[in-house]
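Report on the following structure.
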Amino acid sequence: MNKKLAQRQVYPDLDSSLGASSLNHKVTQLHPKFSSPALPFESTSTGRLCIITQYYPPDYAPTGQLINDLANHLGAQGQKTYVFTGQPAYAVDCVAQKHEYLNKVTIRRSQATRFFSSRIRHKLVNGMLFVLRAGLFMLKQVKHQDTLLLTSAPPFLPILGWFGNLLFGIPYVCLIYDLYPEVVVNLDVASQTNLLVKFWEFCNRLTFSRAKGIIVMNGSMKERIVKKYPQLQQKISVIHNWTDPDKIVPLEKSENWFAQQHGLADKFTVLYSGNSGRCHDMETILEAALKLRDEPIQFVFIGDGASYQTCVNFAREQGLNNCLFLPYQDRSVLPYSLTACDVSLVSMKQGMEGVVAPSKLYSMLAAGRPVAAICESHSYLNHLIKDAKCGATFVNGDSENLSQFLRALASQPKVAQRMGRAGREYLVSNFTLEICAKQYARVLGLHEKAKHGLVSQAQSSAVRFNHRQRIYRRQIGQLLKEAGLLTEVQVNDILTMQSGKQHSGLKFGEIAVLKGWVRPEVVNSILTLNKPIGQLLREAGLLTEGQINDILKTQDIQHGGLRFGEVAVLKGWVHPDTINFVLRKYEPAL
């Protein structure tokens with residue numbers, strides 16, 4: 001690398017290691033209503049984990065995004081992971097490759113989900129075709145030493161597990177996002193006495209009885225299943241969804257390009273982001289917007305769904321100029337769209353408690369914004385939001401108290417900020433991918449990779465840090481935090497682990513690597529300052545050659561007046577804290 005390039009690549013790409021929270025870590029005890037006891041760790045053979053789900057990226061479906069996070073995490077831990085899914089069909093129109101190997105995960109896609117339109121009956125046909133195609137995949141590819149994870153997308157997919165176990169002894173776990181046939185019954189699509197509903201319940205009984213485990217999203221959902229099938233009490237585990245708090249971080253609206261672009265920076269903004277479906281109470285939200293139409297409060301609806309156009313029509317008919325409707329945003333935009341507001345909304349229709357779970361809640365907590373939830377009085381959301389001290393809940397139809405709450409937050413910004421901080425701290429303590437993935441591993445009976453493969457990796461030359469080179473006298477944890485590579489919570493977690501017997505012999509950086517929060521090369525580079533900074537960062541793997549060339553080209557064509565690091569920030573490849581750290585600590589070494 002020439003000297004000019006070495007000096008221009010001062011600003012590193014931190015990939016998924018970014019951290020921007022400075023919250024004080026406080027372990028939060030989950031309420032029994034939505035917590036799940038720790039399960040004993042089991043160990044299976046060395047077979048693969050085969051995940052079958054209809055939705056997977058580049059699809060926008062939240063369930064697919066969560067499965068993608070889980071698969072990538074397990075793959076990074078050394079678990080052989082295979083995903084069978086369909087072509088994108090949820091709010092995105094594109095064709096993905098049939099065979100891919102991404103992030104150590106093998107992906108195979110069926111064409112079945114693209115045969116018909118997005119209407120309900122056509123979705124049903126697409127779902128049935130996907131199940132048939134998944135059945136063929138299971139017969140050909142899944143072996144008896146593998147473990148199946150079957151999602152409820154489509155809802156009748158888990159029955160394949162029963163067939164696989166009955167015929168070939170394949171163990172399987174059911175992951176229930178939405179509880180069927182309760183959804184169709186509570187939405188009055190079919191009655192409880194309908195023959196299809198009866199048959200569906202019969203299939204559920206067979207499926208659940210042979211399952212190795214059943215994973216549900218909250219305590220209310222577990223209660224519903226146990227009430228119908230008491231014998232399943234010990235088989236059901238509650239594992240919440242999650243969000244990466246290092247990817248979605250609090251951001252002031254004045255510094256948020258999304259808020260600036262849509263004129264939200266100077267308005268008190270109430271955000272509903274995600275699917276506006278039949279299971280969501282949009283009526284109470286619109287009534288609140290109607291009551292606040294003459295006040296400086298803006299409502300923003302981002303997404304789509306069965307009720308989306310109804311909301312648009314209502315706002316148009318009522319002349320609600322305080323309502324803005326936007327389509328689904330790309331996942332890369334979420335850190336900005338979710339922080340372009342002052343308060344976020346979550347809603348479930350009456351009768352949907354324990355039947356569906358709003359996955360959007362966790363991203364809203366990460367964004368550091370207060371949450372207003374519309375739900376039934378016995379909802380698990382009441383307990384969660386109360387324990388987190390991050391907002392308030394309102395029963396269905398109570399638009400009066402909802403509007404008063406929004407009006408109060410608009411007049412007391414410090415209260416809103418305090419609620420937002422509390423919600424984010426609660427998420428970091430309870431609902432991160434690392435926490436939830438460990439719970440999945442226990443239910444699935446996967447090997448505890450951290451005690452086997454990763455320990456040997458930590459003892460390899462890649463993690464044997466060269467402490468004979470010039471080293472900062474300050475603690476490595478503080479340096480990594482200042483660089484935006486670790487959060488305050490992560491630093492405290494590592495220090496706690498060091499104080500225990502199991503990890504007392506490991507250095508701070510070694511534990512950070514074991515946890516998967518920082519790469520070995522990064523720790524070495526932070527510790528070592530005997531090379532030109534550009535060369536040091538490149539050897540650390542913090543900035544790829546392709547990214548360097550792309551930034552340089554962008555500088556020449558579009559942003560000739562901006563520095564290298566400023567362009568990197570605009571592209572979302574680097575955090576501002578890292579730029580400040582590098583400039584403050586590394587430039588004198590050049």
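Here, A, B, ... name the chains of the structure tokens in the order displayed, residue numbers run from 1 inside each chain, and ligands are numbered from 1 in the same displayed order.
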
So which bits of segment 120-352 of chain A end up alpha helix (DSSP H) when you DSSP the backbone, as number ranges by chain? A: 120-141, 159-168, 182-186, 195-210, 219-228, 257-261, 282-291, 308-318, 334-337

Would you mind exporting C-alpha atoms of the selected residues as a short mmCIF file (atom, residue, chain, number, x, y, z; two decimals), in the first residue's frame?
data_model
loop_
_atom_site.label_atom_id
_atom_site.label_comp_id
_atom_site.auth_asym_id
_atom_site.auth_seq_id
_atom_site.Cartn_x
_atom_site.Cartn_y
_atom_site.Cartn_z
CA ILE A 120 -54.94 -13.78 1.67
CA ARG A 121 -56.17 -16.84 -0.24
CA HIS A 122 -53.14 -16.66 -2.50
CA LYS A 123 -50.83 -16.41 0.50
CA LEU A 124 -52.50 -19.54 1.82
CA VAL A 125 -51.81 -21.38 -1.42
CA ASN A 126 -48.23 -20.13 -1.46
CA GLY A 127 -47.79 -21.32 2.11
CA MET A 128 -49.13 -24.78 1.33
CA LEU A 129 -46.87 -25.06 -1.72
CA PHE A 130 -43.90 -24.04 0.42
CA VAL A 131 -44.74 -26.73 2.99
CA LEU A 132 -44.83 -29.37 0.25
CA ARG A 133 -41.52 -28.18 -1.13
CA ALA A 134 -40.03 -28.11 2.37
CA GLY A 135 -41.25 -31.67 2.89
CA LEU A 136 -39.35 -32.80 -0.20
CA PHE A 137 -36.27 -30.99 1.03
CA MET A 138 -36.57 -32.72 4.39
CA LEU A 139 -36.85 -36.17 2.77
CA LYS A 140 -33.79 -35.59 0.61
CA GLN A 141 -31.48 -33.49 2.76
CA ILE A 159 -46.45 -30.54 11.13
CA LEU A 160 -43.46 -31.53 8.98
CA GLY A 161 -41.53 -32.08 12.19
CA TRP A 162 -44.05 -34.66 13.35
CA PHE A 163 -43.71 -36.59 10.07
CA GLY A 164 -39.91 -36.39 10.15
CA ASN A 165 -39.76 -37.61 13.73
CA LEU A 166 -42.30 -40.38 13.19
CA LEU A 167 -40.67 -41.74 10.02
CA PHE A 168 -36.97 -41.05 10.62
CA GLU A 182 -56.42 -18.91 17.33
CA VAL A 183 -55.51 -16.05 14.97
CA VAL A 184 -58.19 -16.92 12.40
CA VAL A 185 -60.77 -17.63 15.11
CA ASN A 186 -60.18 -14.37 17.01
CA LEU A 195 -63.87 -28.41 10.59
CA LEU A 196 -60.64 -26.88 9.36
CA VAL A 197 -60.05 -25.30 12.78
CA LYS A 198 -60.72 -28.65 14.47
CA PHE A 199 -58.30 -30.39 12.13
CA TRP A 200 -55.71 -27.68 12.73
CA GLU A 201 -55.94 -28.17 16.49
CA PHE A 202 -55.59 -31.93 15.99
CA CYS A 203 -52.40 -31.33 13.99
CA ASN A 204 -51.10 -29.03 16.72
CA ARG A 205 -51.69 -31.72 19.32
CA LEU A 206 -49.68 -34.23 17.26
CA THR A 207 -46.93 -31.73 16.48
CA PHE A 208 -46.46 -30.45 20.02
CA SER A 209 -46.55 -33.93 21.57
CA ARG A 210 -43.48 -35.19 19.68
CA GLY A 219 -45.58 -15.64 28.78
CA SER A 220 -49.12 -14.92 27.58
CA MET A 221 -48.62 -17.21 24.60
CA LYS A 222 -47.31 -19.96 26.85
CA GLU A 223 -50.35 -19.61 29.11
CA ARG A 224 -52.69 -20.04 26.15
CA ILE A 225 -50.98 -23.24 25.02
CA VAL A 226 -50.72 -24.70 28.53
CA LYS A 227 -54.41 -23.98 29.16
CA LYS A 228 -55.28 -26.12 26.14
CA TRP A 257 -31.02 12.73 7.98
CA PHE A 258 -34.31 10.78 7.87
CA ALA A 259 -35.99 13.24 10.26
CA GLN A 260 -34.58 16.15 8.27
CA GLN A 261 -35.71 14.67 4.96
CA MET A 282 -55.05 1.06 14.33
CA GLU A 283 -58.43 2.59 15.21
CA THR A 284 -57.33 3.79 18.66
CA ILE A 285 -54.21 5.39 17.15
CA LEU A 286 -56.20 7.20 14.46
CA GLU A 287 -58.73 8.44 17.01
CA ALA A 288 -55.87 9.89 19.06
CA ALA A 289 -54.52 11.57 15.92
CA LEU A 290 -57.99 13.02 15.36
CA LYS A 291 -58.10 14.44 18.90
CA TYR A 308 -52.63 0.36 5.93
CA GLN A 309 -54.86 1.69 3.13
CA THR A 310 -57.78 1.97 5.54
CA CYS A 311 -55.65 4.25 7.70
CA VAL A 312 -54.68 6.33 4.66
CA ASN A 313 -58.34 6.67 3.66
CA PHE A 314 -59.40 7.65 7.18
CA ALA A 315 -56.77 10.38 7.38
CA ARG A 316 -57.76 11.69 3.95
CA GLU A 317 -61.49 11.71 4.75
CA GLN A 318 -60.95 13.45 8.10
CA LEU A 334 -34.12 1.54 10.45
CA PRO A 335 -31.52 3.12 12.77
CA TYR A 336 -32.63 6.49 11.36
CA SER A 337 -36.37 5.97 10.86
#

I'd like to know which residues of segment 107-253 of chain A are strand (DSSP E or B) (by DSSP, run on the backbone); could you write them as a list in words?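 Matching residues for strand (DSSP E or B) in segment 107-253 of chain A are Ile107, Arg108, Arg109, Ser110, Thr147, Leu148, Leu149, Leu150, Thr151, Tyr172, Val173, Cys174, Leu175, Ile176, Gly213, Ile214, Ile215, Val216, Ile236, Ser237 and Val238 of chain A.
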
Skipping near chain neighbours, those fewer than 3 positions away, what residues fall within 8 Å of Leu149 of chain A using only C-alpha atoms, listed as a list in words? Leu49, Cys50, Ile51, Ile52, Tyr172, Val173, Cys174, Leu175 and Leu444 of chain A

Residues as selected, C-alpha atoms, written as a PDB file, in the first residue's frame, can you do that?
ATOM      1  CA  LEU A  49     -29.135 -27.375  12.585  1.00  0.00           C
ATOM      2  CA  CYS A  50     -31.678 -27.196   9.765  1.00  0.00           C
ATOM      3  CA  ILE A  51     -33.980 -24.167   9.951  1.00  0.00           C
ATOM      4  CA  ILE A  52     -37.093 -24.172   7.774  1.00  0.00           C
ATOM      5  CA  TYR A 172     -37.393 -30.962  16.041  1.00  0.00           C
ATOM      6  CA  VAL A 173     -38.257 -27.769  17.876  1.00  0.00           C
ATOM      7  CA  CYS A 174     -41.279 -25.589  17.055  1.00  0.00           C
ATOM      8  CA  LEU A 175     -40.780 -21.815  16.998  1.00  0.00           C
ATOM      9  CA  LEU A 444     -32.087 -26.984  20.593  1.00  0.00           C
TER      10      LEU A 444
END

Segment 264-337 of chain A near segment 72-91 of chain A within 12 Å: what's each residue's closest atom pair and its distance in Å to one decimal, counting only C-alpha atoms, ordered by chain then ascending residue number, as a Markdown table?
| residue | atom | partner | partner_atom | distance |
| --- | --- | --- | --- | --- |
| A:Gly274 | CA | A:Ala91 | CA | 10.8 |
| A:Asn275 | CA | A:Ala91 | CA | 9.9 |
| A:Gly303 | CA | A:Ala91 | CA | 8.7 |
| A:Asp304 | CA | A:Ala91 | CA | 7.7 |
| A:Gly305 | CA | A:Ala91 | CA | 9.0 |
| A:Pro327 | CA | A:Ala91 | CA | 9.1 |
| A:Tyr328 | CA | A:Ala91 | CA | 7.3 |
| A:Gln329 | CA | A:Ala91 | CA | 9.8 |
| A:Asp330 | CA | A:Ala91 | CA | 10.3 |

Could you write out that same residue set with N, CA and C atoms as a PDB file, in the first residue's frame?
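Okay, out_26.pdb is ready:
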ATOM      1  N   GLY A 274     -43.967  -0.528  10.981  1.00  0.00           N
ATOM      2  CA  GLY A 274     -44.156  -1.966  10.804  1.00  0.00           C
ATOM      3  C   GLY A 274     -45.480  -2.302  10.144  1.00  0.00           C
ATOM      4  N   ASN A 275     -45.872  -3.543  10.304  1.00  0.00           N
ATOM      5  CA  ASN A 275     -47.083  -4.034   9.662  1.00  0.00           C
ATOM      6  C   ASN A 275     -48.344  -3.458  10.302  1.00  0.00           C
ATOM      7  N   GLY A 303     -44.726   1.542   6.778  1.00  0.00           N
ATOM      8  CA  GLY A 303     -44.963   0.117   6.574  1.00  0.00           C
ATOM      9  C   GLY A 303     -46.038  -0.160   5.549  1.00  0.00           C
ATOM     10  N   ASP A 304     -46.789  -1.220   5.815  1.00  0.00           N
ATOM     11  CA  ASP A 304     -47.854  -1.660   4.918  1.00  0.00           C
ATOM     12  C   ASP A 304     -48.701  -2.666   5.688  1.00  0.00           C
ATOM     13  N   GLY A 305     -49.612  -3.312   5.000  1.00  0.00           N
ATOM     14  CA  GLY A 305     -50.432  -4.328   5.653  1.00  0.00           C
ATOM     15  C   GLY A 305     -51.891  -4.182   5.299  1.00  0.00           C
ATOM     16  N   PRO A 327     -43.760   4.174   3.011  1.00  0.00           N
ATOM     17  CA  PRO A 327     -43.653   2.732   2.778  1.00  0.00           C
ATOM     18  C   PRO A 327     -42.596   2.103   3.678  1.00  0.00           C
ATOM     19  N   TYR A 328     -42.512   0.761   3.606  1.00  0.00           N
ATOM     20  CA  TYR A 328     -41.451   0.051   4.322  1.00  0.00           C
ATOM     21  C   TYR A 328     -40.093   0.632   3.954  1.00  0.00           C
ATOM     22  N   GLN A 329     -39.224   0.712   4.933  1.00  0.00           N
ATOM     23  CA  GLN A 329     -37.879   1.204   4.716  1.00  0.00           C
ATOM     24  C   GLN A 329     -36.892   0.037   4.713  1.00  0.00           C
ATOM     25  N   ASP A 330     -35.829   0.178   3.955  1.00  0.00           N
ATOM     26  CA  ASP A 330     -34.784  -0.837   3.955  1.00  0.00           C
ATOM     27  C   ASP A 330     -34.215  -0.984   5.365  1.00  0.00           C
TER      28      ASP A 330
END

Which is closer to Leu148 of chain A than all the others in A:Lys247, A:Lys438, A:Lys235, A:Arg48, using only C-alpha atoms?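 So, comparing all the options, the nearest one is A:Arg48.
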
Atom CA of Ala190 of chain A and atom CA of Gly354 of chain A are how many Å apart?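 Going from atom CA of Ala190 of chain A over to atom CA of Gly354 of chain A covers 18.4 Å.
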
Excluding Ala388 of chain A and any residue of its chain fewer than 2 positions from it, enumerate the residues within 6 Å of it, using only C-alpha atoms, and give them as number ranges by chain. A: 385-386, 390, 423, 426

May I ask which of the residues A:Val270, A:Ala96, A:Ile374, A:Ile297 is the closest one to Ser344 of chain A, counting only C-alpha atoms?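 Residue with the minimum atom-to-atom distance to Ser344 of chain A: A:Val270.
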
Pick out the closest residue to Ser377 of chain A from this set: A:Ser363, A:Gln417, A:Thr393, A:Ser110. Count only C-alpha atoms.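 Residue with the minimum atom-to-atom distance to Ser377 of chain A: A:Thr393.
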
Selected residue, from A:Gln412, A:Thr106, A:Thr151, A:Asn218, that lies nearest to Tyr55 of chain A when counting only C-alpha atoms: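 When distances to Tyr55 of chain A are compared using only C-alpha atoms, the smallest one comes from A:Thr151.
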
What's the separation between atom CA of Arg421 of chain A and atom CA of Glu488 of chain A, in Å to one decimal place?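 Separation between atom CA of Arg421 of chain A and atom CA of Glu488 of chain A: 13.8 Å.
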
Can you measure atom CA of Pro296 of chain A to atom CA of Lys267 of chain A for me? One decimal in Å is fine. 6.6 Å
